[in-house]
Structure formats: C-alpha cells, structure tokens
$ cat model-v7.cif   # mmCIF, C-alpha atoms and all ligand atoms
data_entry
#
loop_
_atom_site.label_atom_id
_atom_site.label_comp_id
_atom_site.auth_asym_id
_atom_site.auth_seq_id
_atom_site.Cartn_x
_atom_site.Cartn_y
_atom_site.Cartn_z
CA MET A 23 0.00 0.00 0.00
CA LYS A 24 1.24 3.49 -0.85
CA PRO A 25 0.48 5.57 2.24
CA ALA A 26 -1.54 8.72 1.68
CA SER A 27 -2.68 9.63 5.18
CA VAL A 28 -1.68 9.13 8.82
CA ASN A 29 -4.15 6.26 9.01
CA ASP A 30 -2.24 4.54 6.20
CA TYR A 31 1.06 4.86 8.12
CA ARG A 32 -0.76 3.43 11.09
CA GLU A 33 -1.85 0.42 9.05
CA LEU A 34 1.67 -0.14 7.68
CA ALA A 35 3.13 0.11 11.19
CA ARG A 36 0.54 -2.37 12.44
CA ARG A 37 1.73 -4.90 9.87
CA ARG A 38 5.46 -4.29 10.34
CA LEU A 39 5.86 -3.98 14.11
CA PRO A 40 5.60 -6.66 16.78
CA LYS A 41 2.18 -6.38 18.38
CA MET A 42 3.49 -5.07 21.70
CA PHE A 43 5.17 -2.07 20.09
CA PHE A 44 2.28 -1.25 17.81
CA GLU A 45 -0.18 -1.42 20.71
CA TYR A 46 2.13 0.72 22.86
CA ILE A 47 2.11 3.47 20.23
CA ASP A 48 -1.52 3.17 19.25
CA GLY A 49 -3.13 2.77 22.64
CA GLY A 50 -4.32 5.12 25.34
CA SER A 51 -5.22 4.72 28.97
CA TYR A 52 -8.23 2.90 30.41
CA ALA A 53 -11.22 2.98 28.02
CA GLU A 54 -9.37 5.36 25.66
CA VAL A 55 -12.17 7.93 25.83
CA THR A 56 -9.80 10.90 25.82
CA LEU A 57 -7.73 9.40 23.03
CA GLY A 58 -10.90 9.24 20.91
CA ARG A 59 -11.97 12.75 21.90
CA ASN A 60 -8.65 14.25 20.84
CA VAL A 61 -9.32 13.08 17.30
CA SER A 62 -13.09 13.51 17.11
CA ASP A 63 -13.15 17.02 18.60
CA LEU A 64 -10.69 18.20 15.96
CA GLU A 65 -12.72 16.46 13.27
CA ALA A 66 -15.91 18.10 14.50
CA LEU A 67 -14.58 21.63 14.01
CA ALA A 68 -15.72 23.02 10.67
CA LEU A 69 -13.51 25.29 8.62
CA ARG A 70 -15.10 28.13 6.66
CA GLN A 71 -14.68 27.74 2.91
CA ARG A 72 -13.74 31.04 1.22
CA VAL A 73 -13.28 31.68 -2.49
CA MET A 74 -11.85 34.16 -5.03
CA ARG A 75 -9.02 35.57 -2.93
CA ASP A 76 -5.78 35.25 -4.98
CA MET A 77 -3.98 32.65 -2.92
CA THR A 78 -0.84 32.51 -5.08
CA SER A 79 1.56 33.06 -2.21
CA LEU A 80 1.36 31.46 1.20
CA ASP A 81 3.50 31.90 4.30
CA MET A 82 3.46 28.94 6.65
CA SER A 83 6.53 29.81 8.67
CA VAL A 84 6.56 30.62 12.36
CA GLU A 85 9.37 31.66 14.65
CA VAL A 86 9.66 30.00 18.01
CA PHE A 87 12.31 30.98 20.57
CA GLY A 88 14.37 32.53 17.80
CA GLN A 89 14.17 29.35 15.71
CA LYS A 90 12.41 29.50 12.35
CA MET A 91 10.01 26.64 11.64
CA THR A 92 9.08 26.22 7.96
CA MET A 93 5.59 25.23 9.10
CA PRO A 94 3.81 25.28 12.47
CA LEU A 95 4.33 21.59 13.20
CA GLY A 96 6.95 19.63 15.14
CA LEU A 97 7.64 16.08 16.30
CA ALA A 98 6.56 15.50 19.91
CA PRO A 99 8.66 13.43 22.32
CA VAL A 100 7.89 9.74 21.89
CA GLY A 101 9.56 7.20 24.15
CA MET A 102 11.52 4.23 22.80
CA ALA A 103 11.34 5.22 19.14
CA GLY A 104 14.48 3.18 18.52
CA MET A 105 12.32 0.09 18.96
CA TYR A 106 10.03 1.06 16.06
CA GLY A 107 12.82 1.70 13.55
CA ARG A 108 16.61 1.28 13.61
CA ARG A 109 18.03 4.14 15.75
CA GLY A 110 14.56 5.68 15.37
CA GLU A 111 15.24 8.98 17.15
CA VAL A 112 18.14 9.73 14.81
CA GLN A 113 15.98 8.97 11.78
CA ALA A 114 13.23 11.25 13.08
CA ALA A 115 15.66 14.05 13.92
CA LYS A 116 17.07 13.91 10.38
CA ALA A 117 13.62 13.97 8.80
CA ALA A 118 12.60 16.92 11.00
CA ALA A 119 15.80 18.86 10.23
CA GLU A 120 15.33 18.26 6.52
CA ALA A 121 11.76 19.60 6.78
CA GLY A 122 12.83 22.58 8.89
CA VAL A 123 10.76 21.67 11.94
CA PRO A 124 11.78 20.80 15.52
CA PHE A 125 12.23 17.28 16.82
CA CYS A 126 11.85 16.79 20.55
CA LEU A 127 13.82 13.91 22.06
CA SER A 128 12.13 11.97 24.88
CA THR A 129 13.87 11.29 28.20
CA VAL A 130 13.25 7.65 27.42
CA GLY A 131 14.58 7.61 23.88
CA VAL A 132 16.63 4.62 22.76
CA CYS A 133 19.18 7.04 21.25
CA SER A 134 20.96 9.38 23.62
CA ILE A 135 21.01 13.17 23.50
CA GLU A 136 24.57 12.99 22.18
CA GLU A 137 23.79 10.43 19.47
CA VAL A 138 20.89 12.51 18.15
CA ALA A 139 22.80 15.80 18.33
CA ALA A 140 25.76 14.25 16.49
CA ALA A 141 23.43 13.35 13.60
CA GLY A 142 22.98 17.03 12.73
CA THR A 143 20.60 19.36 14.50
CA PRO A 144 20.47 19.28 18.31
CA PRO A 145 16.95 18.27 19.36
CA TRP A 146 14.63 19.95 21.81
CA PHE A 147 14.97 17.85 24.96
CA GLN A 148 12.06 16.50 26.99
CA LEU A 149 12.52 15.77 30.67
CA TYR A 150 10.37 14.29 33.41
CA MET A 151 10.91 15.32 37.02
CA LEU A 152 12.92 12.47 38.51
CA LYS A 153 13.41 11.73 42.19
CA ASP A 154 17.14 11.67 41.63
CA ARG A 155 17.75 15.43 41.28
CA GLY A 156 21.48 14.88 40.89
CA TYR A 157 20.83 12.75 37.83
CA MET A 158 18.45 15.38 36.44
CA ARG A 159 21.14 18.01 36.87
CA GLU A 160 23.51 15.79 34.90
CA LEU A 161 20.98 15.23 32.11
CA LEU A 162 20.26 18.94 31.80
CA ALA A 163 23.97 19.72 31.63
CA ARG A 164 24.38 17.12 28.90
CA ALA A 165 21.46 18.57 26.93
CA LYS A 166 23.01 22.01 27.22
CA ASP A 167 26.45 20.76 26.16
CA ALA A 168 24.88 19.01 23.17
CA GLY A 169 23.32 22.33 22.09
CA CYS A 170 19.65 21.49 22.73
CA PRO A 171 17.84 24.83 22.30
CA VAL A 172 14.63 24.18 24.27
CA LEU A 173 13.70 22.16 27.35
CA VAL A 174 10.27 20.53 27.32
CA PHE A 175 9.34 19.70 30.87
CA THR A 176 6.55 17.12 30.99
CA VAL A 177 4.29 17.51 34.01
CA ASP A 178 1.37 15.19 33.36
CA LEU A 179 3.11 11.96 34.30
CA PRO A 180 3.83 11.88 38.04
CA ILE A 181 2.47 8.33 37.72
CA PRO A 182 1.82 6.40 34.52
CA GLY A 183 -1.83 5.92 33.49
CA ALA A 184 -2.99 2.30 33.25
CA ARG A 185 -2.77 1.14 29.67
CA TYR A 186 -4.72 -2.06 29.29
CA ARG A 187 -3.36 -2.85 25.84
CA ASP A 188 0.21 -2.92 27.21
CA VAL A 189 -0.77 -5.51 29.78
CA ARG A 190 -2.52 -7.69 27.20
CA SER A 191 0.26 -7.50 24.62
CA GLY A 192 2.98 -8.39 27.11
CA PHE A 193 4.64 -4.98 26.80
CA THR A 194 4.62 -4.38 30.53
CA GLY A 195 6.40 -7.66 31.14
CA SER A 196 5.59 -11.25 30.48
CA SER A 197 6.63 -14.06 32.72
CA GLY A 198 7.18 -17.78 32.42
CA VAL A 199 7.62 -19.91 29.35
CA SER A 200 4.44 -18.72 27.67
CA GLY A 201 5.49 -15.08 28.15
CA ALA A 202 8.92 -15.75 26.64
CA LEU A 203 7.33 -17.63 23.73
CA ASN A 204 4.87 -14.80 23.15
CA THR A 205 7.70 -12.25 23.00
CA ALA A 206 9.83 -14.43 20.73
CA TRP A 207 6.90 -15.13 18.43
CA GLN A 208 6.08 -11.43 18.11
CA GLY A 209 9.64 -10.88 16.85
CA ILE A 210 9.92 -13.92 14.58
CA SER A 211 6.59 -13.23 12.95
CA HIS A 212 7.81 -9.74 11.92
CA PRO A 213 11.05 -10.51 10.06
CA GLU A 214 11.57 -7.00 8.61
CA TRP A 215 11.49 -5.55 12.12
CA THR A 216 13.72 -8.34 13.44
CA TRP A 217 16.34 -7.53 10.82
CA ASP A 218 16.05 -3.76 11.06
CA VAL A 219 15.70 -3.21 14.80
CA TRP A 220 16.39 -6.40 16.71
CA LEU A 221 19.54 -7.43 14.89
CA ASN A 222 20.85 -4.13 13.49
CA GLY A 223 19.42 -1.45 15.78
CA ARG A 224 21.36 -2.18 18.95
CA PRO A 225 21.96 -1.28 21.73
CA HIS A 226 18.38 -1.49 22.97
CA THR A 227 18.83 0.66 26.03
CA LEU A 228 17.42 4.05 26.93
CA GLY A 229 20.42 6.00 25.67
CA SER A 230 20.27 9.20 27.69
CA VAL A 231 19.60 7.53 31.03
CA SER A 232 21.53 4.31 30.54
CA GLY A 233 24.30 5.52 32.87
CA ALA A 234 21.83 5.68 35.76
CA ILE A 235 21.52 1.92 35.98
CA PRO A 236 24.72 0.31 34.80
CA GLN A 237 23.28 -3.14 35.51
CA GLY A 238 20.31 -2.46 33.19
CA ARG A 239 20.29 -4.76 30.19
CA SER A 240 16.94 -4.33 28.52
CA VAL A 241 14.39 -1.64 27.80
CA THR A 242 12.20 -3.24 30.49
CA ASP A 243 14.97 -2.70 33.10
CA PHE A 244 15.15 0.96 32.15
CA LEU A 245 11.40 1.42 32.11
CA SER A 246 11.12 0.04 35.59
CA TRP A 247 13.90 2.41 36.71
CA ILE A 248 11.99 5.32 35.21
CA ALA A 249 8.74 4.15 36.83
CA ARG A 250 10.50 4.03 40.23
CA ASN A 251 11.87 7.51 39.60
CA PHE A 252 8.70 9.39 38.63
CA ASP A 253 8.30 12.03 41.29
CA ARG A 254 4.78 12.74 42.41
CA SER A 255 5.88 15.21 45.06
CA VAL A 256 6.73 17.72 42.33
CA THR A 257 5.29 21.27 42.57
CA TRP A 258 5.80 24.54 40.72
CA ALA A 259 8.48 25.46 43.26
CA ASP A 260 10.62 22.63 41.85
CA LEU A 261 10.81 24.52 38.59
CA ASP A 262 13.28 26.83 40.34
CA PHE A 263 15.63 23.88 40.53
CA VAL A 264 15.27 23.27 36.80
CA ARG A 265 15.77 26.95 36.08
CA GLN A 266 19.00 27.04 38.07
CA VAL A 267 20.46 24.39 35.83
CA TRP A 268 18.79 25.35 32.54
CA ASP A 269 19.00 28.91 31.30
CA GLY A 270 17.25 28.40 27.94
CA PRO A 271 13.51 28.42 27.19
CA ILE A 272 11.34 26.02 29.20
CA VAL A 273 8.09 24.65 27.80
CA ILE A 274 5.69 23.00 30.24
CA LYS A 275 4.04 20.03 28.53
CA GLY A 276 0.79 18.56 29.73
CA VAL A 277 -1.36 21.53 30.72
CA LEU A 278 -5.13 21.44 30.15
CA ASP A 279 -6.38 23.85 32.79
CA PRO A 280 -6.14 27.65 32.46
CA GLU A 281 -5.21 27.97 36.14
CA ASP A 282 -2.26 25.64 35.64
CA ALA A 283 -1.27 27.67 32.60
CA ARG A 284 -1.28 30.85 34.74
CA ASP A 285 0.91 29.05 37.29
CA ALA A 286 3.30 28.12 34.48
CA VAL A 287 3.63 31.82 33.64
CA LYS A 288 4.25 32.68 37.31
CA ALA A 289 6.87 29.95 37.51
CA GLY A 290 8.74 31.60 34.65
CA ALA A 291 8.03 29.20 31.77
CA GLN A 292 8.30 30.43 28.21
CA GLY A 293 5.74 28.06 26.72
CA VAL A 294 3.08 25.45 27.43
CA VAL A 295 1.92 22.48 25.42
CA VAL A 296 -1.82 22.00 25.83
CA SER A 297 -1.79 18.24 26.03
CA ASN A 298 -3.25 15.22 27.77
CA HIS A 299 -0.30 13.06 26.75
CA GLY A 300 -2.20 11.81 23.72
CA GLY A 301 -4.92 10.29 25.92
CA ARG A 302 -2.39 8.09 27.67
CA GLN A 303 -2.78 9.47 31.20
CA LEU A 304 -6.04 10.52 32.87
CA ASP A 305 -8.78 9.03 30.76
CA GLY A 306 -12.02 11.01 30.58
CA VAL A 307 -10.38 14.43 30.61
CA ARG A 308 -11.28 16.79 27.82
CA SER A 309 -9.56 16.78 24.46
CA SER A 310 -6.61 19.08 24.04
CA VAL A 311 -8.29 21.09 21.28
CA SER A 312 -11.32 21.75 23.48
CA ALA A 313 -9.00 22.94 26.27
CA LEU A 314 -7.02 25.22 23.98
CA PRO A 315 -9.22 28.37 23.81
CA ALA A 316 -9.41 28.85 27.59
CA VAL A 317 -5.64 28.42 27.95
CA VAL A 318 -5.01 30.90 25.13
CA ASP A 319 -7.40 33.40 26.78
CA ALA A 320 -5.64 32.97 30.11
CA VAL A 321 -1.99 33.17 29.02
CA GLY A 322 -1.77 33.57 25.26
CA GLY A 323 -0.09 36.97 25.54
CA ASP A 324 2.43 35.82 28.15
CA LEU A 325 4.01 32.74 26.62
CA GLU A 326 3.92 30.49 23.57
CA VAL A 327 0.96 28.10 23.50
CA PHE A 328 1.40 24.86 21.59
CA LEU A 329 -1.00 21.96 21.13
CA ASP A 330 -0.66 18.24 20.73
CA GLY A 331 -3.18 15.39 20.75
CA GLY A 332 -5.22 14.05 17.88
CA VAL A 333 -3.47 15.97 15.11
CA ARG A 334 -3.69 13.70 12.08
CA SER A 335 -3.63 16.13 9.14
CA GLY A 336 -2.65 19.61 8.01
CA LEU A 337 -6.31 20.56 8.32
CA ASP A 338 -6.13 19.79 12.04
CA VAL A 339 -3.09 22.05 12.29
CA LEU A 340 -4.99 24.98 10.76
CA LYS A 341 -7.92 24.38 13.13
CA ALA A 342 -5.60 24.51 16.15
CA LEU A 343 -3.91 27.65 14.85
CA SER A 344 -7.25 29.31 14.37
CA LEU A 345 -7.98 28.66 18.06
CA GLY A 346 -4.75 30.33 19.09
CA ALA A 347 -2.03 27.66 19.03
CA LYS A 348 1.35 28.91 17.84
CA ALA A 349 2.19 25.47 16.46
CA CYS A 350 1.18 21.82 16.84
CA PHE A 351 3.16 18.72 17.65
CA VAL A 352 2.42 15.18 16.50
CA GLY A 353 3.29 12.04 18.45
CA ARG A 354 1.62 8.99 16.93
CA ALA A 355 1.74 10.34 13.38
CA TRP A 356 5.54 10.20 13.29
CA ALA A 357 5.79 7.03 15.38
CA TYR A 358 3.51 5.24 12.89
CA ALA A 359 5.54 6.58 9.95
CA LEU A 360 8.79 5.44 11.58
CA GLY A 361 7.32 1.99 12.17
CA ALA A 362 6.05 1.94 8.59
CA GLY A 363 9.45 2.60 7.03
CA GLY A 364 11.85 4.89 8.87
CA GLN A 365 13.11 8.33 7.91
CA PRO A 366 11.75 8.33 4.32
CA MET A 367 8.25 7.67 5.64
CA ILE A 368 8.53 10.40 8.29
CA SER A 369 9.67 12.82 5.58
CA LYS A 370 6.75 11.77 3.41
CA MET A 371 4.32 12.17 6.28
CA LEU A 372 5.64 15.69 6.99
CA GLY A 373 5.36 16.50 3.28
CA THR A 374 1.75 15.33 3.27
CA MET A 375 0.92 17.44 6.33
CA ARG A 376 2.56 20.46 4.69
CA ALA A 377 0.55 19.97 1.48
CA GLU A 378 -2.66 19.52 3.48
CA LEU A 379 -1.99 22.67 5.46
CA ALA A 380 -1.37 24.57 2.22
CA THR A 381 -4.61 23.30 0.74
CA ALA A 382 -6.53 24.20 3.88
CA MET A 383 -5.02 27.70 3.89
CA ILE A 384 -5.86 28.25 0.22
CA LEU A 385 -9.45 27.07 0.62
CA THR A 386 -10.06 29.14 3.74
CA GLY A 387 -8.37 32.25 2.38
CA CYS A 388 -5.61 32.23 5.00
CA LYS A 389 -2.41 33.56 3.42
CA VAL A 390 -0.22 33.70 6.51
CA ALA A 391 -0.38 30.84 9.01
CA ARG A 392 0.72 33.15 11.86
CA ASP A 393 -2.42 35.24 11.25
CA ALA A 394 -4.86 32.33 11.53
CA GLU A 395 -7.72 33.25 13.81
CA LYS A 396 -11.18 32.13 14.92
CA SER A 397 -12.82 33.63 11.84
CA LEU A 398 -11.43 30.67 9.86
CA LEU A 399 -13.86 28.43 11.70
CA ASP A 400 -17.53 28.10 11.00
CA VAL A 401 -19.15 29.53 14.14
CA ALA A 402 -21.89 26.93 14.04
CA SER A 403 -19.29 24.17 14.66
C1 LIG A 501 4.32 5.85 21.97
C2 LIG A 501 4.29 7.18 22.67
C3 LIG A 501 5.29 7.49 23.59
C4 LIG A 501 5.29 8.73 24.22
N1 LIG A 501 6.34 9.06 25.05
C5 LIG A 501 6.39 10.30 25.59
C6 LIG A 501 7.52 10.69 26.35
O1 LIG A 501 8.46 9.95 26.53
N2 LIG A 501 7.51 11.94 26.89
C7 LIG A 501 6.47 12.82 26.70
O2 LIG A 501 6.50 13.94 27.22
N3 LIG A 501 5.40 12.45 25.97
C8 LIG A 501 5.34 11.24 25.40
N4 LIG A 501 4.27 10.89 24.62
C9 LIG A 501 3.19 11.87 24.39
C10 LIG A 501 3.48 12.70 23.13
O3 LIG A 501 4.58 13.55 23.33
C11 LIG A 501 2.28 13.56 22.73
O4 LIG A 501 1.84 14.30 23.86
C12 LIG A 501 1.10 12.75 22.19
O5 LIG A 501 1.55 11.67 21.43
C13 LIG A 501 0.22 13.64 21.32
O6 LIG A 501 -0.88 12.95 20.84
P1 LIG A 501 -0.94 12.26 19.39
O7 LIG A 501 -0.20 10.97 19.51
O8 LIG A 501 -2.39 12.09 19.16
O9 LIG A 501 -0.26 13.19 18.40
C14 LIG A 501 4.24 9.66 23.96
C15 LIG A 501 3.24 9.33 23.07
C16 LIG A 501 3.26 8.11 22.42
C17 LIG A 501 2.18 7.80 21.41
#

$ encode --input "model-v7.cif" --output "structure tokens"
Amino acid sequence: MKPASVNDYRELARRRLPKMFFEYIDGGSYAEVTLGRNVSDLEALALRQRVMRDMTSLDMSVEVFGQKMTMPLGLAPVGMAGMYGRRGEVQAAKAAAEAGVPFCLSTVGVCSIEEVAAAGTPPWFQLYMLKDRGYMRELLARAKDAGCPVLVFTVDLPIPGARYRDVRSGFTGSSGVSGALNTAWQGISHPEWTWDVWLNGRPHTLGSVSGAIPQGRSVTDFLSWIARNFDRSVTWADLDFVRQVWDGPIVIKGVLDPEDARDAVKAGAQGVVVSNHGGRQLDGVRSSVSALPAVVDAVGGDLEVFLDGGVRSGLDVLKALSLGAKACFVGRAWAYALGAGGQPMISKMLGTMRAELATAMILTGCKVARDAEKSLLDVAS
C-alpha cells in the first residue's frame, strides 16, 4: 500500500511492528475515551470555505524561541522510538531537520542526547521530574552541552496511566515460558522488524539515562527504573531547581487547565503544550483542542501556546492555529511513519501534512499561518 494519510502509516506500522510495540504506540489509557476525543473534537470543528481571494503566495513559517520553523508543526517526544525503527530517534531528527521543523527527544529515547545531536541538528529535549535530582542536573547539563535549544518539561506523568493494551500485549512484562514464547513469536513473525531493529538497531537501552543503571540490560529494566523515579511530590516550586540548571527556554508540557497555565507563567516558563499526553494518562479528561481556547485566553499573551493530541492532518493544524495555538506537535503520526518505514516515511508524512496545510489555507483564504484566527472556523461548529 502506498500511504496517503496518517491512518495509512498506522496500518503499515501495524503490519510491520511486533504487536506489543504497535499497541504501545496506538493505545491510550483505560477505556481510551480521551484518546478518541482528541481526534473527534478536531474532526468536528468546521472550517469556513472562502473563495476568489488570490492565494498565489502562502506563508506557513513561524518563529519559536528565535528558531524558524518552515511550518507550524513539530515532532513530539515519543519514548523508545528506537524500537520502532533502527536508531529511530536519529531517523526522526534527520527527517525533521530536513523539513525545517523541531524534533523533541524523549527522556526515554533509545538514542541518547549525544547520538541525536551528532546526527545534525540538536533536538529539543524533553525531561520528566525524577526523584534523583542529581541525575536530572547531569541530564540537563548534557542537553546544554549538546546544544539542545529548548527544554520541554513534561508535568502530566507523576504516575503512569494504566494502559490495558500494554498488559494484554505483554509490553509491561511477560513471565514464564508462555510469556517468553509470546515475545519471541512477536519478533519472529515480523522478520523485517527483526532484521532492522532487533539485529541491526542495537543497543536497545534508553540511551540518555543508561548511565543511571549500569546493571540495566533491557528496555524493560530501564522502564522500571523510570517508573521508580517518577516524582509525584513535584510542585511549581521545583521549577526553580530546573531553572537554576537550565538557562534556555522552558516549555511546560501537559497543561489542560487555564489555572495551571497561569501558574506556568508565574513559575517563569516560556511556553506550554496544551496536552493530555495523547490520551495516555487521565482518561475522561477533555480533548486538548477543546482545552485550547481557555488556555489561550488565560496566558496567550504571556508565553507560547502549543498543542498536541489528535493531530492527524494539516487541516487539524490549521484548526488549532485558528484557536490560538502557535504550532502543533504530533506524536503517533511520526511514530507510525517510523514503524512503517523509517526516515523516508517520516519525511513523506511531513510532506503530506505540509501539502494539506497549504490546501486548507488556500481554501479558507488564509495567506499567513501566523495570522490564523477564529474567523477561519464556522461559528456553528
Ligand atoms: C508511543 C508514545 C510514547 C510517548 N512518550 C512520551 C515521552 O516519553 N515523553 C512525553 O512527554 N510524551 C510522550 N508521549 C506523548 C506525546 O509527546 C504527545 O503528547 C502525544 O503523542 C500527542 O498525541 P498524538 O499521539 O495524538 O499526536 C508519547 C506518546 C506516544 C504515542
């Protein structure tokens, strides 16, 4: 199948990846209500069709923290991407750099900060608050040394949401002979992945944090270290600690509530990502797009407001911009593309999103993406 849309990359990834990795990417928490809402609330917004407006030239670029983005879309942090494609984070970083958009490296990436930075453009770096503050200090210093321009501080995961699919697929650990057979079978029955990732994509550790547990051998060892290190005592005051070590822009990721957004401003952040972690944390909360307008009203003039969650096309990007987002980030879209066929597929996916955004701008009469506003939406929607 020649992929034309994000759903097509999803289908290709489903065929190519072992079940446990596909389900990990695709799934959400609990009944996946929020995951569904992220997509359906964006779909439900109607754009206003406008005609006869000479749309020969379009400007999609935006500037964020002094960095020019060729379009208002970036790649969100996605954990363990190196298990979906050989050295997956490096492939994604190259595709993003080629497209002129930011790539944000997850704390729990298979490739380290240094490996990704050495491939070309230093990534934005995403960090969770870890109990081991000394180790956090080290990580932040490494990100700075590697030239990472922006810190994305994820705040919606003091504890991981329960993801039923990960239990069923064996992702969260399988024991005994049947568990081992299940894992082995998932690999053997996906020979392309076995060749690309299992045999030629090593080491399978969590690159940036691998020094924290020298005895760690597998991704599961590292994930359990991370799980033990999530810090649920974290408060806004702890951001002072981060600020002492990190003097660049800080983006708080995982804000849905306008009051939290105001606190982010008070704490000195330069940006927020309106996000519910792609419906992977507290199920039943509202979609990110439905939370966006109130956050923009509360803090839009004080810091950059980004959105992620449910973005599956360039049309979705324009809808989010019209509600006040400076730019969007995609998580699953690039993870599916990576699983479907690595860097070329991510590049293709970004090209498709760019073309879709252009089409949406032309058909709504929006010449400059930065100027998108509510009037692009049909008020009845
Ligand atoms: C497989 C997967 C792994 C993720 N890992 C991280 C992570 O390590 N850190 C983080 O801040 N967010 C992580 N996220 C959340 C994404 O950054 C983003 O918020 C979410 O994917 C946006 O929703 P979308 O997938 O509908 O685009 C992950 C999402 C997925 C799908």

$ residues_near_ligand --input "model-v7.cif" --ligand "ligand LIG 501 (chain A)" --cutoff "6 Å" --atoms "only C-alpha atoms and all ligand atoms" --output "list in words"
Tyr46, Ile47, Ala98, Pro99, Val100, Gly101, Ser128, Thr129, Val130, Thr176, Ser297, His299, Gly300, Asp330, Gly331, Gly332, Val333, Val352, Gly353 and Arg354 of chain A

$ residues_around --input "model-v7.cif" --residues "Gly107 in chain A" --least-positions-apart "6" --cutoff "8 Å" --atoms "only C-alpha atoms" --output "ChimeraX atom specification"
/A:215,218-219,223,360-361,363-364

$ closest_residue --input "model-v7.cif" --among "A:Thr143, A:Ser211, A:Thr257, A:Ser369" --to "Tyr31 in chain A" --atoms "only C-alpha atoms"
A:Ser369

$ closest_residue --input "model-v7.cif" --among "A:Glu120, A:Ala163, A:Lys396, A:Glu378" --to "Met91 in chain A" --atoms "all atoms listed in the file"
A:Glu120

$ closest_residue --input "model-v7.cif" --among "A:Lys41, A:Arg59, A:Lys348, A:Lys389" --to "Leu80 in chain A" --atoms "all atoms listed in the file"
A:Lys389

$ atom_distance --input "model-v7.cif" --atom1 "CA of Ala119 in chain A" --atom2 "CA of Leu385 in chain A"
28.2 Å

$ atom_distance --input "model-v7.cif" --atom1 "CA of Asp188 in chain A" --atom2 "CA of Glu45 in chain A"
6.7 Å

$ residues_near_point --input "model-v7.cif" --point "(2.7, 31.5, 9.9)" --cutoff "8 Å" --atoms "only C-alpha atoms" --output "mmCIF file with C-alpha atoms, in the frame of the given file"
data_model
loop_
_atom_site.group_PDB
_atom_site.id
_atom_site.type_symbol
_atom_site.label_atom_id
_atom_site.label_comp_id
_atom_site.auth_asym_id
_atom_site.auth_seq_id
_atom_site.Cartn_x
_atom_site.Cartn_y
_atom_site.Cartn_z
ATOM 1 C CA ASP A 81 3.500 31.900 4.300
ATOM 2 C CA MET A 82 3.460 28.940 6.650
ATOM 3 C CA SER A 83 6.530 29.810 8.670
ATOM 4 C CA VAL A 84 6.560 30.620 12.360
ATOM 5 C CA MET A 93 5.590 25.230 9.100
ATOM 6 C CA PRO A 94 3.810 25.280 12.470
ATOM 7 C CA VAL A 390 -0.220 33.700 6.510
ATOM 8 C CA ALA A 391 -0.380 30.840 9.010
ATOM 9 C CA ARG A 392 0.720 33.150 11.860
ATOM 10 C CA ASP A 393 -2.420 35.240 11.250
ATOM 11 C CA ALA A 394 -4.860 32.330 11.530
#

$ closest_residue --input "model-v7.cif" --among "A:Glu136, A:Asp305, A:Asp167, A:Asp76" --to "Gly387 in chain A" --atoms "all atoms listed in the file"
A:Asp76

$ residues_around --input "model-v7.cif" --residues "Lys166 in chain A" --least-positions-apart "2" --cutoff "12 Å" --atoms "only C-alpha atoms" --output "list in words"
Ile135, Glu136, Ala139, Pro144, Pro145, Trp146, Phe147, Arg159, Glu160, Leu161, Leu162, Ala163, Arg164, Ala168, Gly169, Cys170, Pro171, Val172, Leu173, Val267, Trp268, Asp269, Gly270 and Pro271 of chain A

$ closest_atom_pairs --input "model-v7.cif" --of "range 53-165 of chain A" --to "range 311-326 of chain A" --cutoff "10 Å" --atoms "all atoms listed in the file" --output "CSV"
residue,atom,partner,partner_atom,distance
A:Arg59,CA,A:Val311,CA,9.1
A:Asn60,CA,A:Val311,CA,6.9
A:Val61,CA,A:Val311,CA,9.0
A:Ser62,CA,A:Val311,CA,9.9
A:Asp63,CA,A:Val311,CA,6.9
A:Leu64,CA,A:Val311,CA,6.5
A:Leu67,CA,A:Val311,CA,9.6
A:Val86,CA,A:Glu326,CA,8.0
A:Phe87,CA,A:Glu326,CA,8.9

$ closest_residue --input "model-v7.cif" --among "A:Ala68, A:Val132, A:Leu329, A:Leu337" --to "Arg108 in chain A" --atoms "only C-alpha atoms"
A:Val132

$ residues_near_point --input "model-v7.cif" --point "(12.4, 20.6, 16.5)" --cutoff "8 Å" --atoms "all atoms listed in the file" --output "ChimeraX atom specification"
/A:96-97,115,118-119,122-126,145-146

$ atom_distance --input "model-v7.cif" --atom1 "CA of Asn29 in chain A" --atom2 "CA of Ala380 in chain A"
19.7 Å

$ build_atoms --input "model-v7.cif" --residues "range 161-172 of chain A" --atoms "N, CA and C atoms" --output "short mmCIF file (atom, residue, chain, number, x, y, z; two decimals), keeping the file's coordinate frame"
data_model
loop_
_atom_site.label_atom_id
_atom_site.label_comp_id
_atom_site.auth_asym_id
_atom_site.auth_seq_id
_atom_site.Cartn_x
_atom_site.Cartn_y
_atom_site.Cartn_z
N LEU A 161 21.65 15.30 33.42
CA LEU A 161 20.98 15.23 32.11
C LEU A 161 20.83 16.60 31.49
N LEU A 162 20.44 17.58 32.32
CA LEU A 162 20.26 18.94 31.80
C LEU A 162 21.59 19.52 31.32
N ALA A 163 22.65 19.23 32.05
CA ALA A 163 23.97 19.72 31.63
C ALA A 163 24.36 19.08 30.31
N ARG A 164 24.05 17.79 30.17
CA ARG A 164 24.38 17.12 28.90
C ARG A 164 23.58 17.71 27.74
N ALA A 165 22.29 17.99 28.00
CA ALA A 165 21.46 18.57 26.93
C ALA A 165 22.01 19.93 26.52
N LYS A 166 22.45 20.68 27.50
CA LYS A 166 23.01 22.01 27.22
C LYS A 166 24.31 21.86 26.41
N ASP A 167 25.17 20.97 26.87
CA ASP A 167 26.45 20.76 26.16
C ASP A 167 26.21 20.30 24.72
N ALA A 168 25.15 19.52 24.52
CA ALA A 168 24.88 19.01 23.17
C ALA A 168 24.24 20.08 22.29
N GLY A 169 23.88 21.23 22.88
CA GLY A 169 23.32 22.33 22.09
C GLY A 169 21.81 22.30 21.97
N CYS A 170 21.12 21.53 22.81
CA CYS A 170 19.65 21.49 22.73
C CYS A 170 19.10 22.90 23.01
N PRO A 171 18.26 23.44 22.13
CA PRO A 171 17.84 24.83 22.30
C PRO A 171 16.68 25.04 23.28
N VAL A 172 15.86 24.01 23.48
CA VAL A 172 14.63 24.18 24.27
C VAL A 172 14.46 22.97 25.19
#
